[in-house]
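Just below is one structure, and these are the notes that go with it.
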Amino acid sequence: MSSYVSLPIFASTLRERYRLEEPRCRSCGTLNVPARMACIECGRGDFDWEKLTGRGRVFTYTVIARGGAPTEFDEQQIMSGSLVVAIVELEEGAKVVAQLTDCDPEEVRVGSPLKAVFRKLYDQEGVVRYGYKFVMDEERE
Amino acid sequence: MATGIVAHGAYVPKNRLPLEEVRRFWGGLSTPAIKEKAFPSYDEDPVTMGVEAGRQALERSPFGAEELGAIFFATTSGPYEEKPNVSTIASALTGSSRIRVVEMGGSPRAGLQALLSAWEFSASWSKPAMAIASDAPIAHPASSLEHGLGAGAAAFVIGEGEGATTLEAVESISVETFGERFRRRGQSYLQDLELRQDELTGSVLKAIEGLMEGARISLSQVEALVLPDPDGGTPARIAKALGASPEKLLSLTPRIGDTGAASVPLGLIAALEKLEAGKRILVCSYGAGADATSWIMGEASIVSRQRGRSLEDILERGRIRSYGDYLKLRGFLVQKG
């Protein structure tokens with residue numbers, strides 16, 4: 001089964017997916033990840049967009065065995081086997097769900113330092129979808 | 001203040017294939033001077049590698065991404081033939097859409113051409129520009145042309161800056177070639193008819209000799225030589241013909257393979273990470289003719305290389321893969337349709 005994201009919806013989230021920019025509420029200062037129309041904390045709707053550092057740590061993670069991911073990841077799973085998906089706690093405090101790449105499932109630990117990178121997410125309808133994934137940050141331990 | 005390179009960044013995919021694996025699998029190896037090659041994973045391509053090299057250059061740059069007036073992007077293997085790959089890169093690097101984006105290709109020469117164009121843009125308009133060369137050239141795995149092909153990316157921020165690495169002279173040659181490294185529209189794989197015409201040596205020698213004559217430079221005044229290197233052995237052959245000492249040669253091809261349009265720019269980065277200020281770097285690329293350039297190493301490049309991961313560190317952090325992994329991760333075995 002596919003977890004289809006339409007191209008217009010995908011396009012509307014580019015600044016988050018491409019540059020990891022997220023909105024911070026002007027009223028209460030809460031970072032809203034992913035972006036929303038109204039602040040998740042206070043309900044107001046004025047935000048300042050902030051470029052995040054892309055540094056974070058593994059909050060928790062799961063390993064999805066071949067065939068377990070939505071169909072748009074079929075090609076990836078044929079090539080790479082299992083894939084690792086983590087909830088990443090960013091330096092700024094917010095959490096995001098993302099794939100970990102360039103790593104074996106055995107090396108991942110809760111608390112492992114991570115760094116955001118720009119990668120291909122999947123290829124669908126003849127269009128390459130790019131966005132952030134995370135790799136182990138070798139400069140931090 | 002002079003216009004020149006004020007920051008540089010490199011990206012090499014983590015995956016490494018020892019070429020002994022190719023020899024073992026096919027019973028022969030067309031590029032014995034290449035020990036290992038880097039290759040992109042299933043989720044990497046020239047766009048993603050270019051973004052990562054560009055980000056490293058920007059982290060080291062005195063100019064922010066929003067100040068860039070242009071991005072010149074070189075690749076021979078971008079995911080799209082139509083729809084600018086560079087627009088994706090620009091969107092990943094900067095939130096500003098007020099930027100000129102130019103994409104170059106056609107041969108491995110495109111990488112140095114992007115750097116020259118970025119320099120010319122910056123010198124003409126007094127605005128910083130970025131050049132990115134990112135490539136993962138691809139041929140059919142059963143062809144000997146494929147053995148040495150690697151992957152990597154190099155990025156440069158060009159602008160007016162104290163201590164920039166400056167461009168001193170340029171000499172360009174254009175020749176018509178037949179049957180040498182080509183890929184027709186719609187085709188996936190590079191071809192070479194192996195006619196052994198060796199247009200490369202002739203064009204490169206002509207460009208370098210023309211450059212040295214025009215700028216009144218002698219070989220003894222050149223500290224580092226970056227030459228086109230599709231096989232790990234070409235630079236030594238050209239250096240011999242020139243009468244240059246092989247110690248001056250800088251090429252990453254023996255370690256990461258032929259990175260196409262990124263190859264010569266990565267060689268330039270190797271020079272920027274090594275030399276002292278004031279030294280001369282001669283950089284020449286090839287593709288149906290040649291562009292020869294000479295650069296004077298500046299303090300800004302020394303400052304740039306001290307921030308974040310060095311090129312050597314990036315090169316050392318490879319992960320050895322089997323030939324089977326190579327075929328899978330590179331996408332050769334994916335069933336289309």
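We label chains A, B, ... in the order they appear in the structure tokens, count residues from 1 in each chain, and number ligands from 1 in the order shown.
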
Next on the checklist: I need the chain B residues near chain A as a ChimeraX atom specification; criterion: at most 10 Å, counting only C-alpha atoms.
Outcome noted: /B:13-15,41-45,47-52,55,79-80,88-95,308-309,317,319,325-336

Checklist entry - Neighbours of segment 2-11 of chain A within 10 Å (only C-alpha atoms; same-chain residues fewer than 6 positions away dropped), as a VMD selection string? => result chain A and resid 17 69 to 74 124 to 125 127 129 to 130

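Going from atom CA of Thr234 of chain B to atom CA of Val175 of chain B covers 19.0 Å.
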
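Nearest residue to Leu114 of chain A, choosing from A:Gly56, A:Gly93, A:Gly67, A:Pro34 and counting only C-alpha atoms: A:Gly56.
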
Next on the checklist: So that I can see what lies close to Met104 of chain B, please list as number ranges by chain the residues with an atom at most 7 Å from it, counting only C-alpha atoms and leaving out residues fewer than 6 positions away in the same chain.
Outcome noted: B: 73-75, 110, 114

Which of segment 78-271 of chain B end up as alpha helix (DSSP H) when DSSP is run on this backbone - answer as a CSV table (one decimal) with N, CA and C atoms, in the first residue's frame?
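And here is the file that came out, selection38.csv:
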```csv
chain,number,residue,atom,x,y,z
B,85,ASN,N,18.2,20.7,-13.1
B,85,ASN,CA,18.7,20.1,-11.9
B,85,ASN,C,19.2,21.2,-10.9
B,86,VAL,N,19.7,22.2,-11.5
B,86,VAL,CA,20.3,23.3,-10.6
B,86,VAL,C,19.2,24.0,-9.8
B,87,SER,N,18.0,24.0,-10.3
B,87,SER,CA,16.9,24.7,-9.6
B,87,SER,C,16.6,24.0,-8.3
B,88,THR,N,16.7,22.7,-8.3
B,88,THR,CA,16.5,21.9,-7.1
B,88,THR,C,17.7,22.2,-6.1
B,89,ILE,N,18.9,22.3,-6.6
B,89,ILE,CA,20.0,22.6,-5.8
B,89,ILE,C,19.9,24.0,-5.2
B,90,ALA,N,19.5,25.0,-6.0
B,90,ALA,CA,19.3,26.4,-5.5
B,90,ALA,C,18.2,26.4,-4.4
B,91,SER,N,17.1,25.7,-4.6
B,91,SER,CA,16.1,25.7,-3.6
B,91,SER,C,16.5,25.0,-2.3
B,92,ALA,N,17.5,24.1,-2.4
B,92,ALA,CA,18.0,23.4,-1.2
B,92,ALA,C,19.0,24.3,-0.5
B,93,LEU,N,19.7,25.2,-1.2
B,93,LEU,CA,20.7,26.0,-0.6
B,93,LEU,C,20.3,27.3,-0.1
B,110,ALA,N,32.9,20.4,-18.2
B,110,ALA,CA,31.8,21.3,-17.7
B,110,ALA,C,32.2,21.8,-16.3
B,111,GLY,N,32.9,21.0,-15.5
B,111,GLY,CA,33.1,21.4,-14.1
B,111,GLY,C,34.0,22.6,-14.0
B,112,LEU,N,35.1,22.6,-14.7
B,112,LEU,CA,36.0,23.8,-14.7
B,112,LEU,C,35.3,25.0,-15.4
B,113,GLN,N,34.5,24.7,-16.5
B,113,GLN,CA,33.7,25.7,-17.2
B,113,GLN,C,32.7,26.4,-16.2
B,114,ALA,N,32.1,25.7,-15.3
B,114,ALA,CA,31.2,26.3,-14.3
B,114,ALA,C,32.0,27.2,-13.4
B,115,LEU,N,33.2,26.8,-13.0
B,115,LEU,CA,34.0,27.6,-12.1
B,115,LEU,C,34.4,28.9,-12.9
B,116,LEU,N,34.8,28.8,-14.1
B,116,LEU,CA,35.2,29.9,-14.9
B,116,LEU,C,34.0,30.9,-15.1
B,117,SER,N,32.8,30.3,-15.4
B,117,SER,CA,31.7,31.2,-15.6
B,117,SER,C,31.3,31.9,-14.3
B,118,ALA,N,31.4,31.2,-13.2
B,118,ALA,CA,31.1,31.8,-11.9
B,118,ALA,C,32.1,33.0,-11.6
B,119,TRP,N,33.3,32.7,-12.0
B,119,TRP,CA,34.3,33.8,-11.8
B,119,TRP,C,34.0,35.0,-12.7
B,120,GLU,N,33.7,34.7,-13.9
B,120,GLU,CA,33.4,35.8,-14.9
B,120,GLU,C,32.1,36.5,-14.5
B,121,PHE,N,31.1,35.8,-14.0
B,121,PHE,CA,29.9,36.5,-13.4
B,121,PHE,C,30.2,37.4,-12.3
B,122,SER,N,31.0,36.9,-11.4
B,122,SER,CA,31.3,37.6,-10.2
B,122,SER,C,32.2,38.8,-10.5
B,123,ALA,N,33.1,38.7,-11.4
B,123,ALA,CA,34.0,39.8,-11.8
B,123,ALA,C,33.2,40.8,-12.6
B,124,SER,N,32.2,40.4,-13.4
B,124,SER,CA,31.4,41.4,-14.2
B,124,SER,C,30.5,42.2,-13.3
B,125,TRP,N,29.8,41.5,-12.4
B,125,TRP,CA,28.7,42.1,-11.7
B,125,TRP,C,29.0,42.4,-10.2
B,199,GLU,N,42.9,12.5,-28.4
B,199,GLU,CA,42.8,13.9,-28.6
B,199,GLU,C,43.1,14.6,-27.3
B,200,LEU,N,43.0,13.9,-26.2
B,200,LEU,CA,43.2,14.4,-24.8
B,200,LEU,C,44.6,15.1,-24.7
B,201,THR,N,45.6,14.2,-24.9
B,201,THR,CA,47.0,14.7,-24.7
B,201,THR,C,47.3,15.9,-25.5
B,202,GLY,N,46.9,15.9,-26.8
B,202,GLY,CA,47.2,17.0,-27.7
B,202,GLY,C,46.5,18.3,-27.3
B,203,SER,N,45.2,18.2,-26.9
B,203,SER,CA,44.5,19.4,-26.5
B,203,SER,C,45.0,19.9,-25.2
B,204,VAL,N,45.3,19.1,-24.3
B,204,VAL,CA,45.8,19.5,-23.0
B,204,VAL,C,47.1,20.2,-23.1
B,205,LEU,N,48.0,19.6,-23.9
B,205,LEU,CA,49.4,20.2,-24.0
B,205,LEU,C,49.3,21.5,-24.7
B,206,LYS,N,48.4,21.6,-25.7
B,206,LYS,CA,48.3,22.8,-26.5
B,206,LYS,C,47.7,23.9,-25.6
B,207,ALA,N,46.7,23.6,-24.8
B,207,ALA,CA,46.1,24.6,-23.9
B,207,ALA,C,47.1,25.1,-22.8
B,208,ILE,N,47.9,24.1,-22.2
B,208,ILE,CA,48.8,24.5,-21.2
B,208,ILE,C,50.0,25.3,-21.7
B,209,GLU,N,50.5,24.9,-22.9
B,209,GLU,CA,51.6,25.6,-23.5
B,209,GLU,C,51.1,27.0,-23.9
B,210,GLY,N,49.9,27.1,-24.4
B,210,GLY,CA,49.4,28.4,-24.8
B,210,GLY,C,49.2,29.3,-23.5
B,211,LEU,N,48.7,28.7,-22.5
B,211,LEU,CA,48.5,29.5,-21.2
B,211,LEU,C,49.9,30.0,-20.7
B,212,MET,N,50.9,29.1,-20.6
B,212,MET,CA,52.2,29.5,-20.1
B,212,MET,C,52.9,30.5,-20.9
B,213,GLU,N,52.7,30.4,-22.2
B,213,GLU,CA,53.3,31.4,-23.1
B,213,GLU,C,52.6,32.8,-22.9
B,214,GLY,N,51.3,32.7,-22.9
B,214,GLY,CA,50.5,34.0,-22.8
B,214,GLY,C,50.8,34.7,-21.5
B,215,ALA,N,50.8,33.9,-20.4
B,215,ALA,CA,51.0,34.6,-19.1
B,215,ALA,C,52.4,34.6,-18.7
B,234,THR,N,46.7,9.1,-16.8
B,234,THR,CA,46.9,10.2,-17.8
B,234,THR,C,47.7,11.4,-17.3
B,235,PRO,N,47.5,11.9,-16.1
B,235,PRO,CA,48.3,13.1,-15.6
B,235,PRO,C,49.8,12.8,-15.7
B,236,ALA,N,50.3,11.6,-15.3
B,236,ALA,CA,51.7,11.3,-15.3
B,236,ALA,C,52.2,11.3,-16.7
B,237,ARG,N,51.4,10.8,-17.6
B,237,ARG,CA,51.9,10.8,-19.0
B,237,ARG,C,52.0,12.2,-19.6
B,238,ILE,N,51.0,13.1,-19.2
B,238,ILE,CA,51.1,14.5,-19.7
B,238,ILE,C,52.2,15.2,-19.1
B,239,ALA,N,52.4,15.0,-17.8
B,239,ALA,CA,53.5,15.7,-17.0
B,239,ALA,C,54.8,15.3,-17.7
B,240,LYS,N,55.0,14.1,-18.1
B,240,LYS,CA,56.2,13.7,-18.7
B,240,LYS,C,56.4,14.4,-20.0
B,241,ALA,N,55.4,14.5,-20.8
B,241,ALA,CA,55.5,15.2,-22.1
B,241,ALA,C,55.8,16.7,-21.9
B,242,LEU,N,55.2,17.3,-20.8
B,242,LEU,CA,55.5,18.7,-20.5
B,242,LEU,C,56.8,18.9,-19.9
B,253,THR,N,41.5,10.6,-8.7
B,253,THR,CA,41.0,9.5,-9.5
B,253,THR,C,41.5,8.1,-8.9
B,254,PRO,N,42.8,7.9,-8.6
B,254,PRO,CA,43.2,6.6,-8.0
B,254,PRO,C,42.5,6.2,-6.8
B,255,ARG,N,41.9,7.2,-6.1
B,255,ARG,CA,41.2,6.8,-4.8
B,255,ARG,C,39.7,6.8,-4.9
B,256,ILE,N,39.1,7.6,-5.8
B,256,ILE,CA,37.6,7.6,-5.9
B,256,ILE,C,37.1,7.4,-7.3
B,263,SER,N,35.8,15.8,-11.4
B,263,SER,CA,37.2,15.3,-11.2
B,263,SER,C,38.2,16.4,-11.1
B,264,VAL,N,38.3,17.3,-12.1
B,264,VAL,CA,39.3,18.4,-12.0
B,264,VAL,C,39.0,19.4,-10.9
B,265,PRO,N,37.7,19.8,-10.7
B,265,PRO,CA,37.4,20.6,-9.6
B,265,PRO,C,37.8,20.0,-8.2
B,266,LEU,N,37.6,18.7,-8.1
B,266,LEU,CA,38.1,18.0,-6.8
B,266,LEU,C,39.6,18.1,-6.7
B,267,GLY,N,40.3,17.9,-7.8
B,267,GLY,CA,41.8,18.1,-7.8
B,267,GLY,C,42.2,19.4,-7.4
B,268,LEU,N,41.4,20.4,-7.8
B,268,LEU,CA,41.7,21.8,-7.4
B,268,LEU,C,41.5,21.9,-5.9
B,269,ILE,N,40.5,21.3,-5.4
B,269,ILE,CA,40.3,21.4,-3.9
B,269,ILE,C,41.4,20.7,-3.2
B,270,ALA,N,41.9,19.6,-3.7
B,270,ALA,CA,43.1,18.9,-3.1
B,270,ALA,C,44.3,19.9,-3.0
B,271,ALA,N,44.4,20.8,-4.0
B,271,ALA,CA,45.5,21.8,-4.0
B,271,ALA,C,45.2,22.9,-3.0
```

Next on the checklist: Give me, as a PyMOL selection string, the residues of segment 48-276 of chain B that a backbone DSSP run labels strand (DSSP E or B).
Outcome noted: chain B and resi 70-74+100-104+129-135+139+149+152-160+165-174+182+190-191+224-226+249+258

Item to check | Distance in Å - atom CA of Thr293 of chain B versus atom CA of Glu223 of chain B | outcome: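 If I compute the distance from atom CA of Thr293 of chain B to atom CA of Glu223 of chain B, I get 13.5 Å.
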